[in-house]
Amino acid sequence: MNKKNILINLLIYNLLLLLIILFSKTPLLIILIKKLLTAIFLPIVIGAFLYYLIRPLRNIFLKKGFKIRFSIFLSLLISCLVFALLVSSISRSLVNQLYLLIDRVSYSIKNFDLTKFNDINAWLENYIDIDNIKSSLLQQSQNYIYKIGSIFKIVLDFGWNLFANVILFLLITYHLLKDDKKFKKSLSNLPFIKNHSQAETIINKADDALFNYITGQASVAFCLAVLVFIGYLILNFPGKLILAISTFILAFIPFLGFFISMIVPYIIALTLGIPMIIKLTIVFMIAQTIKGRFVVPLIMSRAMKIHPLTDIFLVIGAATLFGIPGAFLVVPIYAILKIIWENREIDLDKS
């Protein structure tokens, strides 16, 4: 019986792979699937992300004796107010720091003193055109930073046009908060599932893993952003708030996110001289040490236990195939598949 099941499963997997290959040969179908994923899958993912972040607040109100609808309403209201206050308080500072960052980098590159390196400069001039490289670097840096500014403007403009999607995110979050138990029950009782109790166990474990991962990763990202922001304040580093926010967002990518967030600060530090590069390196080393020694063990102890090498390969592979969304989503998806596989193995052993 087990051999028969294995053969059926292998046949299903091969048919799925064949289907994927056929899809890859039809560009119009791929475009259609991408549009559907953007319209349906993205709101569900964002709604689920918000659900796991807001769920602890809802549970607090439920423990206080409030009804479910009122608890959800209060939780969403508090979350929206906090988000609005954060946006309103940092938006002006963010724009000002962005333009200060552009001016500071442009000024530093224009006034970069090559006389400090006369000996090296004299040797290099025999092989390369220093002035041409300097002017090219200035132009490229200005273009790059101004593009960042234009991207921020596009994002802000795009955000205002996404009011309907924001409402959709909130509606999905609301219904997940209200009917999460019913939803899990419905999943475990799907017609094609034979062992409903095992399916319920898998769903509960996956739910716990996602909750621990999302809340833990958000806490780690926030702590890391605060640490680097304090470091930028001490160094009086230009664009400190923008860079700290980018660290917070990129820190959701396991292991590699923090290192990716170092690229722009190091580009800026190169224009400010070697002492600033050394100071910035010390700040990053201290932040990474505190994160690795104290923050991650304290916060992520109950999260998904995946080997660091597995995490790194998953993130690199997903980023290569699916870009930034893949890097963000690959670890929780892998963890869910791992839970399904482990429980499937347990079921086979018992039989």
# chains A, B, ... in the order shown; residues from 1 in each chain; ligands from 1
>>> residues_around(residues="segment 274-290 of chain A", least_positions_apart="5", cutoff="10 Å", atoms="only C-alpha atoms", output="PDB file with all heavy atoms, in the first residue's frame")
ATOM      1  N   CYS A 223      15.262  46.256  16.525  1.00  0.00           N
ATOM      2  CA  CYS A 223      16.439  46.410  17.401  1.00  0.00           C
ATOM      3  C   CYS A 223      17.685  46.762  16.595  1.00  0.00           C
ATOM      4  O   CYS A 223      18.472  47.634  16.987  1.00  0.00           O
ATOM      5  CB  CYS A 223      16.675  45.136  18.197  1.00  0.00           C
ATOM      6  SG  CYS A 223      15.413  44.775  19.428  1.00  0.00           S
ATOM      7  N   LEU A 224      17.849  46.097  15.453  1.00  0.00           N
ATOM      8  CA  LEU A 224      19.018  46.356  14.604  1.00  0.00           C
ATOM      9  C   LEU A 224      18.978  47.775  14.044  1.00  0.00           C
ATOM     10  O   LEU A 224      20.010  48.472  14.013  1.00  0.00           O
ATOM     11  CB  LEU A 224      19.055  45.333  13.462  1.00  0.00           C
ATOM     12  CG  LEU A 224      20.330  45.231  12.633  1.00  0.00           C
ATOM     13  CD1 LEU A 224      21.534  44.933  13.510  1.00  0.00           C
ATOM     14  CD2 LEU A 224      20.180  44.169  11.564  1.00  0.00           C
ATOM     15  N   ALA A 225      17.794  48.211  13.612  1.00  0.00           N
ATOM     16  CA  ALA A 225      17.652  49.579  13.091  1.00  0.00           C
ATOM     17  C   ALA A 225      17.960  50.617  14.166  1.00  0.00           C
ATOM     18  O   ALA A 225      18.613  51.634  13.891  1.00  0.00           O
ATOM     19  CB  ALA A 225      16.239  49.776  12.541  1.00  0.00           C
ATOM     20  N   VAL A 226      17.504  50.369  15.390  1.00  0.00           N
ATOM     21  CA  VAL A 226      17.786  51.296  16.508  1.00  0.00           C
ATOM     22  C   VAL A 226      19.288  51.340  16.779  1.00  0.00           C
ATOM     23  O   VAL A 226      19.865  52.424  17.000  1.00  0.00           O
ATOM     24  CB  VAL A 226      17.005  50.878  17.768  1.00  0.00           C
ATOM     25  CG1 VAL A 226      17.478  51.652  18.988  1.00  0.00           C
ATOM     26  CG2 VAL A 226      15.508  51.086  17.567  1.00  0.00           C
ATOM     27  N   LEU A 227      19.937  50.185  16.774  1.00  0.00           N
ATOM     28  CA  LEU A 227      21.386  50.129  17.045  1.00  0.00           C
ATOM     29  C   LEU A 227      22.182  50.920  16.013  1.00  0.00           C
ATOM     30  O   LEU A 227      23.067  51.711  16.369  1.00  0.00           O
ATOM     31  CB  LEU A 227      21.853  48.668  17.069  1.00  0.00           C
ATOM     32  CG  LEU A 227      21.441  47.828  18.281  1.00  0.00           C
ATOM     33  CD1 LEU A 227      21.768  46.361  18.053  1.00  0.00           C
ATOM     34  CD2 LEU A 227      22.138  48.337  19.545  1.00  0.00           C
ATOM     35  N   VAL A 228      21.874  50.702  14.720  1.00  0.00           N
ATOM     36  CA  VAL A 228      22.640  51.420  13.686  1.00  0.00           C
ATOM     37  C   VAL A 228      22.290  52.907  13.692  1.00  0.00           C
ATOM     38  O   VAL A 228      23.146  53.758  13.416  1.00  0.00           O
ATOM     39  CB  VAL A 228      22.428  50.808  12.283  1.00  0.00           C
ATOM     40  CG1 VAL A 228      22.980  49.394  12.218  1.00  0.00           C
ATOM     41  CG2 VAL A 228      20.980  50.841  11.856  1.00  0.00           C
ATOM     42  N   PHE A 229      21.041  53.236  14.036  1.00  0.00           N
ATOM     43  CA  PHE A 229      20.655  54.653  14.103  1.00  0.00           C
ATOM     44  C   PHE A 229      21.435  55.372  15.205  1.00  0.00           C
ATOM     45  O   PHE A 229      21.892  56.508  15.019  1.00  0.00           O
ATOM     46  CB  PHE A 229      19.154  54.779  14.352  1.00  0.00           C
ATOM     47  CG  PHE A 229      18.663  56.204  14.389  1.00  0.00           C
ATOM     48  CD1 PHE A 229      18.603  56.960  13.221  1.00  0.00           C
ATOM     49  CD2 PHE A 229      18.270  56.794  15.585  1.00  0.00           C
ATOM     50  CE1 PHE A 229      18.170  58.274  13.248  1.00  0.00           C
ATOM     51  CE2 PHE A 229      17.833  58.102  15.617  1.00  0.00           C
ATOM     52  CZ  PHE A 229      17.779  58.849  14.441  1.00  0.00           C
ATOM     53  N   ILE A 230      21.596  54.709  16.360  1.00  0.00           N
ATOM     54  CA  ILE A 230      22.402  55.284  17.449  1.00  0.00           C
ATOM     55  C   ILE A 230      23.850  55.481  16.979  1.00  0.00           C
ATOM     56  O   ILE A 230      24.480  56.508  17.258  1.00  0.00           O
ATOM     57  CB  ILE A 230      22.343  54.385  18.700  1.00  0.00           C
ATOM     58  CG1 ILE A 230      20.918  54.400  19.298  1.00  0.00           C
ATOM     59  CG2 ILE A 230      23.358  54.834  19.744  1.00  0.00           C
ATOM     60  CD1 ILE A 230      20.692  53.356  20.368  1.00  0.00           C
ATOM     61  N   GLY A 231      24.362  54.474  16.255  1.00  0.00           N
ATOM     62  CA  GLY A 231      25.718  54.595  15.710  1.00  0.00           C
ATOM     63  C   GLY A 231      25.843  55.757  14.738  1.00  0.00           C
ATOM     64  O   GLY A 231      26.817  56.525  14.779  1.00  0.00           O
ATOM     65  N   TYR A 232      24.848  55.928  13.838  1.00  0.00           N
ATOM     66  CA  TYR A 232      24.870  57.047  12.898  1.00  0.00           C
ATOM     67  C   TYR A 232      24.800  58.387  13.630  1.00  0.00           C
ATOM     68  O   TYR A 232      25.429  59.364  13.210  1.00  0.00           O
ATOM     69  CB  TYR A 232      23.686  56.945  11.924  1.00  0.00           C
ATOM     70  CG  TYR A 232      23.745  55.766  10.980  1.00  0.00           C
ATOM     71  CD1 TYR A 232      22.583  55.134  10.547  1.00  0.00           C
ATOM     72  CD2 TYR A 232      24.959  55.289  10.492  1.00  0.00           C
ATOM     73  CE1 TYR A 232      22.623  54.062   9.674  1.00  0.00           C
ATOM     74  CE2 TYR A 232      25.010  54.207   9.619  1.00  0.00           C
ATOM     75  CZ  TYR A 232      23.829  53.597   9.213  1.00  0.00           C
ATOM     76  OH  TYR A 232      23.870  52.537   8.348  1.00  0.00           O
ATOM     77  N   ILE A 234      25.959  59.028  16.663  1.00  0.00           N
ATOM     78  CA  ILE A 234      27.268  59.265  17.287  1.00  0.00           C
ATOM     79  C   ILE A 234      28.278  59.751  16.247  1.00  0.00           C
ATOM     80  O   ILE A 234      29.073  60.657  16.509  1.00  0.00           O
ATOM     81  CB  ILE A 234      27.777  57.981  17.981  1.00  0.00           C
ATOM     82  CG1 ILE A 234      26.860  57.618  19.169  1.00  0.00           C
ATOM     83  CG2 ILE A 234      29.222  58.139  18.447  1.00  0.00           C
ATOM     84  CD1 ILE A 234      27.099  56.245  19.741  1.00  0.00           C
ATOM     85  N   LEU A 235      28.218  59.167  15.040  1.00  0.00           N
ATOM     86  CA  LEU A 235      29.154  59.549  13.981  1.00  0.00           C
ATOM     87  C   LEU A 235      28.735  60.812  13.245  1.00  0.00           C
ATOM     88  O   LEU A 235      29.499  61.308  12.403  1.00  0.00           O
ATOM     89  CB  LEU A 235      29.276  58.404  12.960  1.00  0.00           C
ATOM     90  CG  LEU A 235      29.815  57.064  13.457  1.00  0.00           C
ATOM     91  CD1 LEU A 235      29.833  56.053  12.330  1.00  0.00           C
ATOM     92  CD2 LEU A 235      31.206  57.221  14.046  1.00  0.00           C
ATOM     93  N   PHE A 237      26.452  60.896  10.961  1.00  0.00           N
ATOM     94  CA  PHE A 237      26.475  60.373   9.598  1.00  0.00           C
ATOM     95  C   PHE A 237      25.311  60.976   8.810  1.00  0.00           C
ATOM     96  O   PHE A 237      24.194  61.075   9.321  1.00  0.00           O
ATOM     97  CB  PHE A 237      26.353  58.850   9.641  1.00  0.00           C
ATOM     98  CG  PHE A 237      26.878  58.161   8.425  1.00  0.00           C
ATOM     99  CD1 PHE A 237      28.238  58.001   8.238  1.00  0.00           C
ATOM    100  CD2 PHE A 237      26.012  57.682   7.451  1.00  0.00           C
ATOM    101  CE1 PHE A 237      28.734  57.360   7.121  1.00  0.00           C
ATOM    102  CE2 PHE A 237      26.495  57.039   6.325  1.00  0.00           C
ATOM    103  CZ  PHE A 237      27.867  56.882   6.158  1.00  0.00           C
ATOM    104  N   PHE A 258      20.997  42.490   6.434  1.00  0.00           N
ATOM    105  CA  PHE A 258      21.813  43.494   7.121  1.00  0.00           C
ATOM    106  C   PHE A 258      23.046  43.852   6.293  1.00  0.00           C
ATOM    107  O   PHE A 258      23.435  45.032   6.203  1.00  0.00           O
ATOM    108  CB  PHE A 258      22.218  42.991   8.505  1.00  0.00           C
ATOM    109  CG  PHE A 258      23.024  43.969   9.301  1.00  0.00           C
ATOM    110  CD1 PHE A 258      22.624  45.286   9.418  1.00  0.00           C
ATOM    111  CD2 PHE A 258      24.189  43.576   9.948  1.00  0.00           C
ATOM    112  CE1 PHE A 258      23.377  46.205  10.156  1.00  0.00           C
ATOM    113  CE2 PHE A 258      24.938  44.484  10.683  1.00  0.00           C
ATOM    114  CZ  PHE A 258      24.526  45.797  10.785  1.00  0.00           C
ATOM    115  N   PHE A 259      23.648  42.860   5.653  1.00  0.00           N
ATOM    116  CA  PHE A 259      24.843  43.117   4.847  1.00  0.00           C
ATOM    117  C   PHE A 259      24.491  43.914   3.581  1.00  0.00           C
ATOM    118  O   PHE A 259      25.273  44.752   3.135  1.00  0.00           O
ATOM    119  CB  PHE A 259      25.532  41.801   4.495  1.00  0.00           C
ATOM    120  CG  PHE A 259      26.053  41.064   5.694  1.00  0.00           C
ATOM    121  CD1 PHE A 259      25.362  39.976   6.208  1.00  0.00           C
ATOM    122  CD2 PHE A 259      27.203  41.481   6.328  1.00  0.00           C
ATOM    123  CE1 PHE A 259      25.832  39.301   7.334  1.00  0.00           C
ATOM    124  CE2 PHE A 259      27.689  40.815   7.446  1.00  0.00           C
ATOM    125  CZ  PHE A 259      26.997  39.722   7.954  1.00  0.00           C
ATOM    126  N   MET A 262      24.315  47.582   4.249  1.00  0.00           N
ATOM    127  CA  MET A 262      25.596  48.269   4.470  1.00  0.00           C
ATOM    128  C   MET A 262      26.131  48.931   3.199  1.00  0.00           C
ATOM    129  O   MET A 262      27.016  49.792   3.278  1.00  0.00           O
ATOM    130  CB  MET A 262      26.655  47.272   4.960  1.00  0.00           C
ATOM    131  CG  MET A 262      26.412  46.677   6.319  1.00  0.00           C
ATOM    132  SD  MET A 262      27.757  45.530   6.703  1.00  0.00           S
ATOM    133  CE  MET A 262      27.143  44.783   8.204  1.00  0.00           C
ATOM    134  N   PRO A 265      25.619  52.962   2.971  1.00  0.00           N
ATOM    135  CA  PRO A 265      26.461  53.670   3.949  1.00  0.00           C
ATOM    136  C   PRO A 265      27.955  53.639   3.617  1.00  0.00           C
ATOM    137  O   PRO A 265      28.654  54.640   3.819  1.00  0.00           O
ATOM    138  CB  PRO A 265      26.176  52.923   5.263  1.00  0.00           C
ATOM    139  CG  PRO A 265      24.813  52.373   5.092  1.00  0.00           C
ATOM    140  CD  PRO A 265      24.706  52.030   3.641  1.00  0.00           C
ATOM    141  N   TYR A 266      28.427  52.507   3.093  1.00  0.00           N
ATOM    142  CA  TYR A 266      29.854  52.436   2.749  1.00  0.00           C
ATOM    143  C   TYR A 266      30.181  53.311   1.535  1.00  0.00           C
ATOM    144  O   TYR A 266      31.282  53.884   1.449  1.00  0.00           O
ATOM    145  CB  TYR A 266      30.268  50.987   2.490  1.00  0.00           C
ATOM    146  CG  TYR A 266      30.754  50.284   3.736  1.00  0.00           C
ATOM    147  CD1 TYR A 266      30.115  49.144   4.206  1.00  0.00           C
ATOM    148  CD2 TYR A 266      31.847  50.757   4.445  1.00  0.00           C
ATOM    149  CE1 TYR A 266      30.551  48.496   5.362  1.00  0.00           C
ATOM    150  CE2 TYR A 266      32.304  50.121   5.587  1.00  0.00           C
ATOM    151  CZ  TYR A 266      31.646  48.983   6.047  1.00  0.00           C
ATOM    152  OH  TYR A 266      32.082  48.359   7.187  1.00  0.00           O
ATOM    153  N   ILE A 267      29.243  53.411   0.596  1.00  0.00           N
ATOM    154  CA  ILE A 267      29.459  54.310  -0.549  1.00  0.00           C
ATOM    155  C   ILE A 267      29.594  55.753  -0.063  1.00  0.00           C
ATOM    156  O   ILE A 267      30.461  56.505  -0.508  1.00  0.00           O
ATOM    157  CB  ILE A 267      28.302  54.178  -1.561  1.00  0.00           C
ATOM    158  CG1 ILE A 267      28.341  52.802  -2.244  1.00  0.00           C
ATOM    159  CG2 ILE A 267      28.377  55.279  -2.621  1.00  0.00           C
ATOM    160  CD1 ILE A 267      27.138  52.496  -3.102  1.00  0.00           C
ATOM    161  N   ILE A 268      28.722  56.117   0.884  1.00  0.00           N
ATOM    162  CA  ILE A 268      28.791  57.473   1.459  1.00  0.00           C
ATOM    163  C   ILE A 268      30.086  57.653   2.251  1.00  0.00           C
ATOM    164  O   ILE A 268      30.757  58.686   2.142  1.00  0.00           O
ATOM    165  CB  ILE A 268      27.567  57.730   2.362  1.00  0.00           C
ATOM    166  CG1 ILE A 268      26.284  57.674   1.533  1.00  0.00           C
ATOM    167  CG2 ILE A 268      27.680  59.078   3.060  1.00  0.00           C
ATOM    168  CD1 ILE A 268      25.026  57.581   2.365  1.00  0.00           C
ATOM    169  N   ALA A 269      30.447  56.634   3.039  1.00  0.00           N
ATOM    170  CA  ALA A 269      31.662  56.727   3.868  1.00  0.00           C
ATOM    171  C   ALA A 269      32.924  56.864   3.019  1.00  0.00           C
ATOM    172  O   ALA A 269      33.886  57.523   3.434  1.00  0.00           O
ATOM    173  CB  ALA A 269      31.762  55.496   4.767  1.00  0.00           C
ATOM    174  N   VAL A 295      20.278  39.699  20.904  1.00  0.00           N
ATOM    175  CA  VAL A 295      18.932  39.948  20.373  1.00  0.00           C
ATOM    176  C   VAL A 295      18.334  38.691  19.755  1.00  0.00           C
ATOM    177  O   VAL A 295      17.223  38.277  20.116  1.00  0.00           O
ATOM    178  CB  VAL A 295      18.968  41.092  19.330  1.00  0.00           C
ATOM    179  CG1 VAL A 295      17.572  41.306  18.741  1.00  0.00           C
ATOM    180  CG2 VAL A 295      19.454  42.375  19.976  1.00  0.00           C
ATOM    181  N   VAL A 296      19.068  38.055  18.831  1.00  0.00           N
ATOM    182  CA  VAL A 296      18.532  36.874  18.141  1.00  0.00           C
ATOM    183  C   VAL A 296      18.282  35.711  19.106  1.00  0.00           C
ATOM    184  O   VAL A 296      17.200  35.117  19.083  1.00  0.00           O
ATOM    185  CB  VAL A 296      19.458  36.451  16.984  1.00  0.00           C
ATOM    186  CG1 VAL A 296      19.020  35.112  16.400  1.00  0.00           C
ATOM    187  CG2 VAL A 296      19.444  37.516  15.890  1.00  0.00           C
TER     188      VAL A 296
END
>>> closest_atom_pairs(of="segment 161-255 of chain A", to="segment 310-329 of chain A", cutoff="9 Å", atoms="only C-alpha atoms", output="JSON lines")
{"residue": "A:Leu250", "atom": "CA", "partner": "A:Phe328", "partner_atom": "CA", "distance": 8.8}
{"residue": "A:Phe252", "atom": "CA", "partner": "A:Phe328", "partner_atom": "CA", "distance": 6.6}
{"residue": "A:Ile253", "atom": "CA", "partner": "A:Phe328", "partner_atom": "CA", "distance": 5.3}
{"residue": "A:Pro254", "atom": "CA", "partner": "A:Asp311", "partner_atom": "CA", "distance": 6.9}
{"residue": "A:Phe255", "atom": "CA", "partner": "A:Ile312", "partner_atom": "CA", "distance": 6.7}
>>> residues_around(residues="Lys178 of chain A", least_positions_apart="6", cutoff="10 Å", atoms="only C-alpha atoms", output="list in words")
Arg58, Ile68, Arg69, Ser71, Ile72 and Ile172 of chain A
>>> atom_distance(atom1="atom CA of Leu171 of chain A", atom2="atom CA of Ser186 of chain A")
19.2 Å
>>> closest_residue(among="A:Thr271, A:Leu233, A:Tyr213, A:Tyr51", to="Asp179 of chain A", atoms="only C-alpha atoms")
A:Tyr51
>>> atom_distance(atom1="atom CA of Ala209 of chain A", atom2="atom CA of Ile193 of chain A")
21.6 Å
>>> atom_distance(atom1="atom CA of Ser75 of chain A", atom2="atom CA of Tyr174 of chain A")
9.7 Å
>>> closest_residue(among="A:Gly65, A:Leu298, A:Arg293, A:Ile245", to="Leu86 of chain A", atoms="only C-alpha atoms")
A:Ile245
>>> select_by_dssp(residues="segment 194-293 of chain A", states="alpha helix (DSSP H)", output="ChimeraX atom specification")
/A:196-235,240-250,256-260,263-272,274-290
